[in-house]
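Next comes entry-v4.cif, with mmCIF, C-alpha atoms.
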data_protein
#
loop_
_atom_site.label_atom_id
_atom_site.label_comp_id
_atom_site.auth_asym_id
_atom_site.auth_seq_id
_atom_site.Cartn_x
_atom_site.Cartn_y
_atom_site.Cartn_z
CA MET A 1 14.76 19.71 -21.90
CA VAL A 2 13.33 23.18 -21.33
CA GLU A 3 10.23 22.24 -23.31
CA LYS A 4 9.69 19.19 -21.09
CA PHE A 5 9.76 21.29 -17.93
CA THR A 6 7.45 23.88 -19.56
CA ARG A 7 4.87 21.22 -20.45
CA VAL A 8 4.93 19.93 -16.88
CA PHE A 9 4.30 23.43 -15.50
CA ARG A 10 1.39 24.00 -17.92
CA SER A 11 -0.28 20.69 -17.12
CA GLY A 12 -3.58 20.33 -15.29
CA PHE A 13 -1.66 18.81 -12.39
CA PHE A 14 0.02 22.11 -11.55
CA ARG A 15 -3.21 24.08 -11.97
CA GLU A 16 -4.97 21.78 -9.52
CA ALA A 17 -1.98 21.84 -7.18
CA PHE A 18 -2.16 25.63 -7.18
CA LEU A 19 -5.85 25.57 -6.20
CA TYR A 20 -5.14 23.08 -3.42
CA LEU A 21 -2.27 25.27 -2.28
CA VAL A 22 -4.48 28.37 -2.13
CA PHE A 23 -7.14 26.57 -0.09
CA ASN A 24 -4.59 24.89 2.14
CA ILE A 25 -2.96 28.26 2.81
CA LEU A 26 -6.34 29.58 3.90
CA VAL A 27 -6.94 26.51 6.05
CA ALA A 28 -3.43 26.66 7.54
CA ALA A 29 -3.86 30.38 8.24
CA VAL A 30 -6.42 29.46 10.90
CA PRO A 31 -3.97 27.56 13.16
CA PHE A 32 -1.42 30.32 12.60
CA ILE A 33 -3.98 32.88 13.75
CA LEU A 34 -4.79 30.66 16.73
CA LEU A 35 -1.12 30.23 17.64
CA PRO A 36 -0.52 33.74 19.04
CA ILE A 37 -3.95 33.68 20.72
CA TYR A 38 -3.37 30.37 22.46
CA THR A 39 0.30 30.97 23.29
CA ASN A 40 -0.54 34.31 24.92
CA LYS A 41 -3.69 33.12 26.72
CA LEU A 42 -2.61 29.58 27.70
CA THR A 43 0.46 28.53 29.65
CA PRO A 44 2.99 26.25 27.93
CA ALA A 45 1.71 23.39 30.13
CA ASP A 46 -1.90 24.02 29.06
CA TYR A 47 -0.88 24.22 25.42
CA GLY A 48 1.02 20.98 25.88
CA LEU A 49 -2.08 19.18 27.21
CA PHE A 50 -4.15 20.49 24.31
CA SER A 51 -1.52 19.18 21.90
CA ILE A 52 -1.69 15.77 23.62
CA PHE A 53 -5.45 15.67 22.97
CA VAL A 54 -5.02 16.59 19.29
CA ALA A 55 -2.10 14.20 18.79
CA GLY A 56 -3.95 11.41 20.61
CA THR A 57 -6.96 11.91 18.33
CA ASN A 58 -4.69 11.71 15.29
CA PHE A 59 -3.10 8.56 16.73
CA ILE A 60 -6.50 6.84 17.07
CA PHE A 61 -7.60 8.06 13.64
CA PRO A 62 -5.91 5.24 11.62
CA VAL A 63 -7.71 2.60 13.68
CA VAL A 64 -11.06 4.31 13.17
CA ALA A 65 -10.50 5.11 9.47
CA LEU A 66 -8.96 1.69 8.68
CA GLY A 67 -7.52 3.00 5.42
CA THR A 68 -11.01 3.62 4.01
CA SER A 69 -10.07 6.88 2.32
CA ALA A 70 -7.16 5.16 0.53
CA ALA A 71 -9.43 2.25 -0.41
CA ALA A 72 -12.07 4.63 -1.78
CA SER A 73 -9.53 6.63 -3.79
CA ARG A 74 -8.07 3.45 -5.28
CA LYS A 75 -11.51 1.96 -6.03
CA TYR A 76 -12.67 5.16 -7.69
CA PHE A 77 -10.42 4.43 -10.68
CA ASP A 78 -11.90 0.93 -11.03
CA ARG A 79 -15.52 1.92 -10.45
CA GLU A 80 -16.81 0.72 -13.81
CA GLY A 81 -19.12 -2.25 -13.28
CA ILE A 82 -19.48 -1.82 -9.50
CA GLU A 83 -21.83 0.08 -7.21
CA PHE A 84 -19.37 2.69 -6.03
CA GLN A 85 -21.97 4.47 -3.89
CA ALA A 86 -22.55 1.25 -1.98
CA PHE A 87 -18.79 0.72 -1.63
CA PHE A 88 -18.39 4.21 -0.21
CA ALA A 89 -21.28 3.70 2.22
CA CYS A 90 -19.53 0.57 3.46
CA CYS A 91 -16.38 2.63 4.04
CA LEU A 92 -18.28 4.97 6.35
CA LEU A 93 -19.92 2.08 8.21
CA VAL A 94 -16.49 0.53 8.77
CA CYS A 95 -15.37 3.79 10.38
CA LEU A 96 -18.37 3.76 12.71
CA GLY A 97 -17.81 0.14 13.70
CA MET A 98 -14.10 0.64 14.35
CA THR A 99 -14.89 3.57 16.64
CA PHE A 100 -16.92 1.30 18.90
CA VAL A 101 -14.19 -1.34 18.81
CA ALA A 102 -11.50 1.18 19.77
CA ALA A 103 -13.61 2.53 22.65
CA ILE A 104 -14.42 -0.94 24.03
CA VAL A 105 -10.78 -2.09 23.84
CA ALA A 106 -9.58 1.10 25.59
CA ILE A 107 -11.98 0.92 28.57
CA PRO A 108 -9.94 -1.60 30.67
CA PHE A 109 -6.80 0.52 30.17
CA LEU A 110 -8.27 3.97 30.87
CA LYS A 111 -6.48 4.39 34.20
CA TYR A 112 -3.09 3.61 32.69
CA LEU A 113 -3.73 5.73 29.61
CA SER A 114 -4.84 8.65 31.79
CA ALA A 115 -1.61 8.48 33.75
CA LEU A 116 0.42 8.36 30.54
CA THR A 117 -1.34 11.23 28.75
CA HIS A 118 -2.30 13.32 31.81
CA LEU A 119 -5.88 13.41 30.46
CA SER A 120 -9.05 12.05 32.07
CA GLY A 121 -10.92 9.00 30.83
CA ALA A 122 -13.72 11.19 29.48
CA TRP A 123 -11.28 13.10 27.29
CA LEU A 124 -9.78 9.84 26.06
CA MET A 125 -13.25 8.70 24.95
CA ALA A 126 -13.74 12.09 23.30
CA MET A 127 -10.64 11.34 21.23
CA ALA A 128 -12.39 8.35 19.63
CA LEU A 129 -15.48 10.37 18.70
CA THR A 130 -13.34 13.17 17.30
CA ALA A 131 -11.34 10.62 15.28
CA LEU A 132 -14.62 9.32 13.82
CA SER A 133 -15.55 12.83 12.69
CA GLN A 134 -12.13 13.23 11.11
CA ALA A 135 -12.49 9.89 9.30
CA ILE A 136 -15.85 10.89 7.81
CA THR A 137 -14.48 14.25 6.70
CA SER A 138 -11.38 12.61 5.26
CA ASN A 139 -13.47 10.18 3.20
CA ALA A 140 -15.64 13.00 1.88
CA ALA A 141 -12.59 15.12 1.05
CA VAL A 142 -10.71 12.34 -0.73
CA LEU A 143 -13.71 11.61 -2.95
CA MET A 144 -13.81 15.28 -3.93
CA THR A 145 -10.09 15.07 -4.71
CA MET A 146 -10.51 11.98 -6.88
CA GLN A 147 -13.28 13.75 -8.80
CA LYS A 148 -10.87 16.65 -9.31
CA ARG A 149 -13.16 19.10 -7.52
CA PRO A 150 -10.61 21.25 -5.64
CA TRP A 151 -13.17 24.00 -5.02
CA MET A 152 -15.54 21.66 -3.19
CA TYR A 153 -12.62 20.15 -1.29
CA GLY A 154 -11.33 23.57 -0.29
CA VAL A 155 -14.69 24.82 0.98
CA LEU A 156 -15.12 21.71 3.15
CA ARG A 157 -11.64 21.94 4.67
CA LEU A 158 -11.94 25.68 5.21
CA CYS A 159 -15.28 25.28 7.01
CA GLN A 160 -13.67 22.60 9.18
CA ALA A 161 -10.77 24.85 10.15
CA LEU A 162 -13.00 27.86 10.82
CA ALA A 163 -15.35 25.81 12.99
CA ILE A 164 -12.46 24.39 15.04
CA GLY A 165 -10.84 27.80 15.44
CA GLY A 166 -14.03 29.76 16.03
CA ILE A 167 -15.38 27.49 18.76
CA GLY A 168 -11.98 27.20 20.42
CA VAL A 169 -11.36 30.95 20.52
CA TRP A 170 -14.87 31.62 21.82
CA LEU A 171 -14.35 29.19 24.69
CA VAL A 172 -10.78 30.25 25.53
CA LEU A 173 -11.28 34.01 25.22
CA GLY A 174 -15.02 34.47 25.66
CA ARG A 175 -15.58 31.86 28.38
CA SER A 176 -12.07 32.02 29.93
CA MET A 177 -11.52 28.28 29.64
CA ALA A 178 -8.04 26.75 29.71
CA TRP A 179 -6.84 23.98 27.39
CA GLU A 180 -10.26 22.32 27.61
CA GLY A 181 -11.78 25.16 25.59
CA ALA A 182 -9.35 24.59 22.73
CA ALA A 183 -10.01 20.83 22.93
CA TYR A 184 -13.78 21.35 22.80
CA GLY A 185 -13.26 23.52 19.73
CA HIS A 186 -11.27 20.75 18.07
CA MET A 187 -13.94 18.16 18.88
CA TRP A 188 -17.07 20.11 17.91
CA GLY A 189 -15.44 21.71 14.88
CA ASN A 190 -14.60 18.29 13.46
CA PHE A 191 -18.14 17.10 14.16
CA ALA A 192 -19.54 20.06 12.21
CA ALA A 193 -17.22 19.33 9.28
CA ALA A 194 -18.23 15.65 9.21
CA THR A 195 -21.91 16.58 9.19
CA THR A 196 -21.31 19.02 6.33
CA GLY A 197 -19.39 16.41 4.35
CA LEU A 198 -22.19 13.86 4.69
CA ILE A 199 -24.78 16.39 3.56
CA VAL A 200 -22.72 17.31 0.48
CA LEU A 201 -22.19 13.66 -0.44
CA TRP A 202 -25.89 12.88 -0.02
CA ARG A 203 -26.99 15.83 -2.14
CA SER A 204 -24.43 14.87 -4.79
CA ARG A 205 -25.82 11.31 -4.85
CA LEU A 206 -22.44 9.87 -3.97
CA LEU A 207 -23.63 8.12 -0.83
CA GLY A 208 -25.56 4.94 -1.52
CA LYS A 209 -28.49 3.61 0.46
CA ARG A 210 -27.74 -0.06 -0.28
CA ILE A 211 -25.09 -2.11 1.52
CA CYS A 212 -23.11 -4.81 -0.28
CA TRP A 213 -21.51 -7.14 2.25
CA LYS A 214 -18.86 -8.30 -0.19
CA TYR A 215 -17.33 -4.83 -0.10
CA PHE A 216 -16.62 -5.08 3.63
CA LYS A 217 -14.19 -7.93 3.01
CA GLU A 218 -12.42 -5.93 0.29
CA ILE A 219 -12.17 -2.86 2.53
CA PHE A 220 -10.75 -4.86 5.42
CA LEU A 221 -8.23 -6.68 3.23
CA PHE A 222 -7.05 -3.35 1.81
CA GLY A 223 -7.21 -1.35 5.03
CA LEU A 224 -5.98 -3.67 7.77
CA PRO A 225 -2.33 -3.67 6.59
CA LEU A 226 -2.50 0.13 6.53
CA VAL A 227 -3.40 0.39 10.23
CA PRO A 228 0.08 -0.34 11.62
CA HIS A 229 1.54 1.79 8.83
CA ALA A 230 -0.74 4.75 9.56
CA MET A 231 -0.48 4.38 13.34
CA ALA A 232 3.29 4.24 12.99
CA ALA A 233 3.14 7.49 11.02
CA MET A 234 1.03 9.06 13.76
CA THR A 235 3.56 8.07 16.41
CA PHE A 236 5.77 10.76 14.88
CA THR A 237 3.39 13.42 16.24
CA PHE A 238 2.26 11.62 19.39
CA VAL A 239 5.19 9.70 20.88
CA ASP A 240 7.39 12.80 20.92
CA ARG A 241 4.76 14.64 22.97
CA LEU A 242 4.38 11.71 25.37
CA PHE A 243 8.14 11.46 25.91
CA LEU A 244 8.45 15.20 26.43
CA THR A 245 5.51 15.37 28.86
CA ASN A 246 6.81 12.48 30.96
CA MET A 247 10.57 13.19 30.71
CA VAL A 248 10.86 16.99 30.83
CA GLY A 249 7.32 18.25 31.55
CA ALA A 250 4.23 19.55 29.74
CA LYS A 251 5.75 23.05 29.63
CA TYR A 252 8.39 21.96 27.10
CA THR A 253 5.80 19.94 25.22
CA GLY A 254 3.91 23.18 24.64
CA ILE A 255 7.02 25.03 23.46
CA TYR A 256 7.97 22.13 21.18
CA VAL A 257 4.48 21.97 19.65
CA ALA A 258 4.55 25.71 18.96
CA GLY A 259 7.73 25.22 16.90
CA PHE A 260 6.23 22.16 15.24
CA GLN A 261 3.13 24.17 14.30
CA ILE A 262 5.22 26.89 12.66
CA SER A 263 7.16 24.26 10.70
CA MET A 264 3.86 22.99 9.27
CA VAL A 265 4.35 25.53 6.47
CA ILE A 266 6.54 22.94 4.72
CA TYR A 267 3.94 20.25 5.31
CA LEU A 268 1.32 22.59 3.84
CA LEU A 269 3.28 22.86 0.59
CA MET A 270 3.79 19.09 0.48
CA ASN A 271 0.16 18.26 1.19
CA SER A 272 -1.11 20.70 -1.44
CA ALA A 273 1.06 19.13 -4.12
CA ASN A 274 0.23 15.62 -2.95
CA GLN A 275 -3.52 16.16 -3.29
CA ALA A 276 -3.05 16.91 -6.96
CA TRP A 277 -0.25 14.35 -7.29
CA ILE A 278 -2.29 11.27 -6.28
CA PRO A 279 -5.04 11.41 -8.95
CA TRP A 280 -2.49 12.63 -11.52
CA ILE A 281 -0.01 9.81 -10.93
CA TYR A 282 -2.79 7.17 -10.71
CA GLY A 283 -4.04 8.28 -14.10
CA HIS A 284 -0.58 8.03 -15.66
CA LEU A 285 0.21 4.71 -13.99
CA LYS A 286 -3.01 3.33 -15.42
CA SER A 287 -1.85 4.40 -18.92
CA ASN A 288 1.23 2.21 -18.42
CA ASN A 289 3.33 3.54 -21.31
CA SER A 290 6.82 4.99 -21.56
CA HIS A 291 5.59 8.53 -22.23
CA SER A 292 3.52 8.58 -19.04
CA GLN A 293 6.38 7.10 -17.02
CA LYS A 294 8.77 9.80 -18.23
CA LYS A 295 6.27 12.50 -17.26
CA ILE A 296 6.02 11.00 -13.76
CA VAL A 297 9.78 10.90 -13.36
CA MET A 298 10.15 14.49 -14.58
CA ALA A 299 7.49 15.71 -12.14
CA THR A 300 9.14 13.75 -9.30
CA TYR A 301 12.54 15.34 -9.86
CA LEU A 302 10.97 18.77 -10.16
CA GLY A 303 8.96 18.27 -6.97
CA ILE A 304 11.96 17.16 -4.90
CA LEU A 305 14.03 20.14 -6.05
CA GLY A 306 11.15 22.50 -5.32
CA PHE A 307 10.61 21.14 -1.81
CA LEU A 308 14.35 21.31 -1.09
CA ALA A 309 14.49 24.98 -2.09
CA ALA A 310 11.33 25.82 -0.13
CA THR A 311 12.68 24.11 3.00
CA GLY A 312 15.96 26.02 2.88
CA LEU A 313 14.17 29.33 2.40
CA PHE A 314 11.76 28.64 5.23
CA ILE A 315 14.53 27.75 7.69
CA PHE A 316 16.14 31.09 6.87
CA VAL A 317 13.02 33.15 7.68
CA ALA A 318 11.72 30.94 10.53
CA PRO A 319 13.27 32.91 13.45
CA ALA A 320 11.35 36.01 12.39
CA LEU A 321 8.12 33.99 12.20
CA VAL A 322 8.64 32.65 15.72
CA ASP A 323 9.09 36.19 17.08
CA LEU A 324 5.95 37.29 15.25
CA LEU A 325 3.60 34.43 16.06
CA VAL A 326 4.18 33.14 19.59
CA GLY A 327 4.02 34.54 23.10
CA LYS A 328 7.13 35.38 25.10
CA GLU A 329 7.02 32.10 27.02
CA PHE A 330 7.31 30.18 23.72
CA LYS A 331 10.27 31.99 22.10
CA ASP A 332 12.58 28.98 22.49
CA ALA A 333 10.45 27.20 19.88
CA SER A 334 12.83 28.48 17.18
CA ALA A 335 15.36 25.82 18.25
CA VAL A 336 13.26 22.97 16.84
CA VAL A 337 12.01 24.59 13.62
CA PRO A 338 15.02 23.62 11.41
CA TRP A 339 14.87 19.98 12.49
CA ILE A 340 11.12 19.66 11.97
CA SER A 341 11.27 21.49 8.63
CA ILE A 342 13.92 19.11 7.28
CA GLY A 343 11.80 16.24 8.58
CA PHE A 344 8.83 17.50 6.55
CA PHE A 345 11.05 17.63 3.46
CA TRP A 346 11.57 13.89 3.90
CA VAL A 347 7.80 13.49 4.32
CA ALA A 348 7.39 15.17 0.92
CA CYS A 349 9.83 12.71 -0.66
CA TYR A 350 7.96 9.84 0.99
CA ALA A 351 4.60 11.08 -0.31
CA MET A 352 5.87 11.12 -3.90
CA VAL A 353 6.70 7.39 -3.94
CA THR A 354 3.92 5.83 -1.83
CA PRO A 355 1.35 5.93 -4.71
CA TYR A 356 3.29 3.13 -6.43
CA LEU A 357 2.65 0.80 -3.50
CA TYR A 358 -1.00 1.83 -3.18
CA TYR A 359 -1.48 1.31 -6.91
CA LEU A 360 0.02 -2.17 -6.68
CA ARG A 361 -2.01 -2.85 -3.51
CA ARG A 362 1.25 -3.66 -1.70
CA THR A 363 0.13 -2.07 1.55
CA SER A 364 1.82 -4.77 3.64
CA GLU A 365 5.22 -3.32 2.68
CA LEU A 366 4.07 0.07 3.94
CA ALA A 367 2.99 -1.56 7.20
CA ILE A 368 6.44 -3.09 7.72
CA ILE A 369 8.18 0.20 6.92
CA GLY A 370 5.84 2.03 9.26
CA VAL A 371 6.55 -0.30 12.16
CA ILE A 372 10.32 -0.06 11.62
CA SER A 373 10.15 3.74 11.48
CA ALA A 374 7.90 3.90 14.56
CA PHE A 375 10.24 1.82 16.70
CA ALA A 376 13.18 3.87 15.44
CA ASN A 377 11.28 7.03 16.36
CA MET A 378 10.56 5.80 19.90
CA GLY A 379 14.13 4.73 20.51
CA LEU A 380 15.54 7.95 19.07
CA ASN A 381 13.17 10.06 21.18
CA TYR A 382 14.27 8.39 24.40
CA VAL A 383 18.00 8.59 23.61
CA LEU A 384 18.08 12.09 22.12
CA ILE A 385 15.80 13.67 24.74
CA SER A 386 17.97 12.08 27.44
CA TYR A 387 21.13 13.59 25.94
CA ASN A 388 19.95 16.81 24.25
CA GLY A 389 16.86 17.74 26.25
CA TRP A 390 13.57 18.74 24.66
CA VAL A 391 15.23 19.63 21.31
CA GLY A 392 16.11 15.94 21.00
CA ALA A 393 12.46 15.21 20.18
CA ALA A 394 12.75 17.30 17.00
CA GLN A 395 16.01 15.60 16.06
CA ALA A 396 14.41 12.18 16.55
CA THR A 397 11.44 13.15 14.38
CA CYS A 398 13.71 14.36 11.58
CA ILE A 399 15.80 11.17 11.55
CA ALA A 400 12.74 8.91 11.72
CA TYR A 401 11.13 10.70 8.75
CA PHE A 402 14.39 10.20 6.82
CA ILE A 403 14.37 6.46 7.56
CA SER A 404 10.75 6.16 6.43
CA ALA A 405 11.35 8.04 3.17
CA VAL A 406 14.48 6.06 2.22
CA LEU A 407 12.95 2.66 2.97
CA THR A 408 9.77 3.48 1.06
CA GLY A 409 11.73 4.81 -1.90
CA VAL A 410 13.88 1.67 -2.10
CA VAL A 411 10.83 -0.63 -2.01
CA ALA A 412 8.88 1.45 -4.57
CA VAL A 413 11.80 1.47 -7.03
CA ARG A 414 12.19 -2.29 -6.67
CA LEU A 415 8.50 -3.15 -7.09
CA TYR A 416 7.62 -0.65 -9.83
CA PRO A 417 10.55 -0.01 -12.21
CA MET A 418 10.60 3.47 -13.72
CA PRO A 419 13.01 5.25 -16.12
CA TRP A 420 14.81 7.13 -13.35
CA ASN A 421 17.91 7.49 -15.56
CA MET A 422 15.96 9.25 -18.31
CA PHE A 423 18.36 12.21 -18.24
CA LYS A 424 21.24 9.94 -19.15
CA GLY A 425 19.24 8.69 -22.15
CA TYR A 426 18.37 12.25 -23.10
CA GLU A 427 22.02 13.34 -23.09
CA ALA A 428 22.97 10.33 -25.20
CA THR A 429 20.53 11.32 -27.94
CA ARG A 430 21.72 14.89 -28.24
#

Exercise: express the given structure as structure tokens:
Amino acid sequence: MVEKFTRVFRSGFFREAFLYLVFNILVAAVPFILLPIYTNKLTPADYGLFSIFVAGTNFIFPVVALGTSAAASRKYFDREGIEFQAFFACCLLVCLGMTFVAAIVAIPFLKYLSALTHLSGAWLMAMALTALSQAITSNAAVLMTMQKRPWMYGVLRLCQALAIGGIGVWLVLGRSMAWEGAAYGHMWGNFAAATTGLIVLWRSRLLGKRICWKYFKEIFLFGLPLVPHAMAAMTFTFVDRLFLTNMVGAKYTGIYVAGFQISMVIYLLMNSANQAWIPWIYGHLKSNNSHSQKKIVMATYLGILGFLAATGLFIFVAPALVDLLVGKEFKDASAVVPWISIGFFWVACYAMVTPYLYYLRRTSELAIIGVISAFANMGLNYVLISYNGWVGAAQATCIAYFISAVLTGVVAVRLYPMPWNMFKGYEATR
């Protein structure tokens, strides 16, 4: 048993995960550096409006991206005999087309959406353009991940974070702008990252000049079921802010988001492992033998235990982090950190089982789970905020993440049988 765990630790998966973790720590350090700057310079209400812009952009992102990064990552392992460069170019064109569609559909509803988000129509349109930049960067980054080039991935993501932070700080501190300065930084920083990603792909000859129309159908068939799933996932970081802004005020939205941002440490750990996990598990699923399946199960158990320990440790030290990182008007943010941190633990569990459904191309099941979780999240937000105040939003998020993880795990186990009882078999052979 000890030898099995040792082999897992020495595998290329953990070496790549470590590199992703190092880069993601550097990338995540930027928002943490921005947090004390913004929470001391901006009011909680201003910070709340900025968070609405960022969350709204992330909410539109699944419509614009249309699951193209997932389609590209899946297609990369079946690229023999196809023009992968042309397929990838089609992915980017789909993102561009969906941006125009999203903007046109939103125009008749701008007045209502402005009242709901407390943002002007111009800023709502800026969300769509920012989401396009994020989609391009995401596609570039996922291709680097599939090629197992963590250094290239890390440089791209780090440049993105530095551009967002640098422009935002210059506008907020240097030009004395309010939340709009931070929002401009988010928009132009993402645009710079997208441009950099396209240049790198072009120079690496990974972006084809030719367009194959047959690939558009494949991309849409793969990506359309992912839209409700991905949008449902984004409701977890958008609906809570909308409910808070309209039920208790933008001030508490800002305080809540400060606590959410600090809790992102757990998400950072999960995302770093997941970036190495996806190509690793795809490779072993493709092998389709008992040895590979046992390695996957062993790594899954190890990952869950590691995330559980990390979450408990983080909750213990979180109050000190809140005192260190945020301004005096945001100190109450410590009340939501435990709930959000536990929620991110469930996100980690969810991320470890979704590759089975992507591998089987059963994205419709993910869509159904996403819709169920989204409606649960909305209902929980309304009820818990009504009874427990602004902290209820964190409680709703935690419960909704739990529902999503459990439902996805049940479906994945049913559709792709694995030797989850391997320890029982091991004990029997001793």

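The gap separating CA of Asn139 (chain A) from CA of Ser287 (chain A) is 25.6 Å, in Å to one decimal.
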
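Shortest separation to Val63 (chain A) among A:Ala400, A:Val105, A:Leu49, A:Val317 occurs at residue A:Val105, atoms counted being all atoms listed in the file.
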
Closest atom pairs, region 41-153 of chain A residues within 12 Å of region 163-172 of chain A, only C-alpha atoms, as JSON lines:
{"residue": "A:Lys41", "atom": "CA", "partner": "A:Val172", "partner_atom": "CA", "distance": 7.7}
{"residue": "A:Leu42", "atom": "CA", "partner": "A:Val172", "partner_atom": "CA", "distance": 8.5}
{"residue": "A:Asp46", "atom": "CA", "partner": "A:Val172", "partner_atom": "CA", "distance": 11.4}
{"residue": "A:Tyr47", "atom": "CA", "partner": "A:Val172", "partner_atom": "CA", "distance": 11.6}
{"residue": "A:Phe50", "atom": "CA", "partner": "A:Gly168", "partner_atom": "CA", "distance": 11.0}
{"residue": "A:Val54", "atom": "CA", "partner": "A:Ile164", "partner_atom": "CA", "distance": 11.6}
{"residue": "A:Thr130", "atom": "CA", "partner": "A:Ile164", "partner_atom": "CA", "distance": 11.5}
{"residue": "A:Gln134", "atom": "CA", "partner": "A:Ile164", "partner_atom": "CA", "distance": 11.8}

Let's have the selection written as a PDB file, keeping the file's coordinate frame, with C-alpha atoms.
ATOM      1  CA  LYS A  41      -3.690  33.120  26.720  1.00  0.00           C
ATOM      2  CA  LEU A  42      -2.610  29.580  27.700  1.00  0.00           C
ATOM      3  CA  ASP A  46      -1.900  24.020  29.060  1.00  0.00           C
ATOM      4  CA  TYR A  47      -0.880  24.220  25.420  1.00  0.00           C
ATOM      5  CA  PHE A  50      -4.150  20.490  24.310  1.00  0.00           C
ATOM      6  CA  VAL A  54      -5.020  16.590  19.290  1.00  0.00           C
ATOM      7  CA  THR A 130     -13.340  13.170  17.300  1.00  0.00           C
ATOM      8  CA  GLN A 134     -12.130  13.230  11.110  1.00  0.00           C
TER       9      GLN A 134
END

Item to complete: Kindly give the distance, in Å, that separates CA of Asn381 (chain A) and CA of Leu244 (chain A), rounded to a single decimal.
Response: 8.7 Å

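CA of Gly48 (chain A) lies 5.2 Å from CA of Ala250 (chain A).
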
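Shortest atom-to-atom contact with Ser386 (chain A) among A:Ala193, A:Val248, A:Ala348, A:Ala128: A:Val248, counting all atoms listed in the file.
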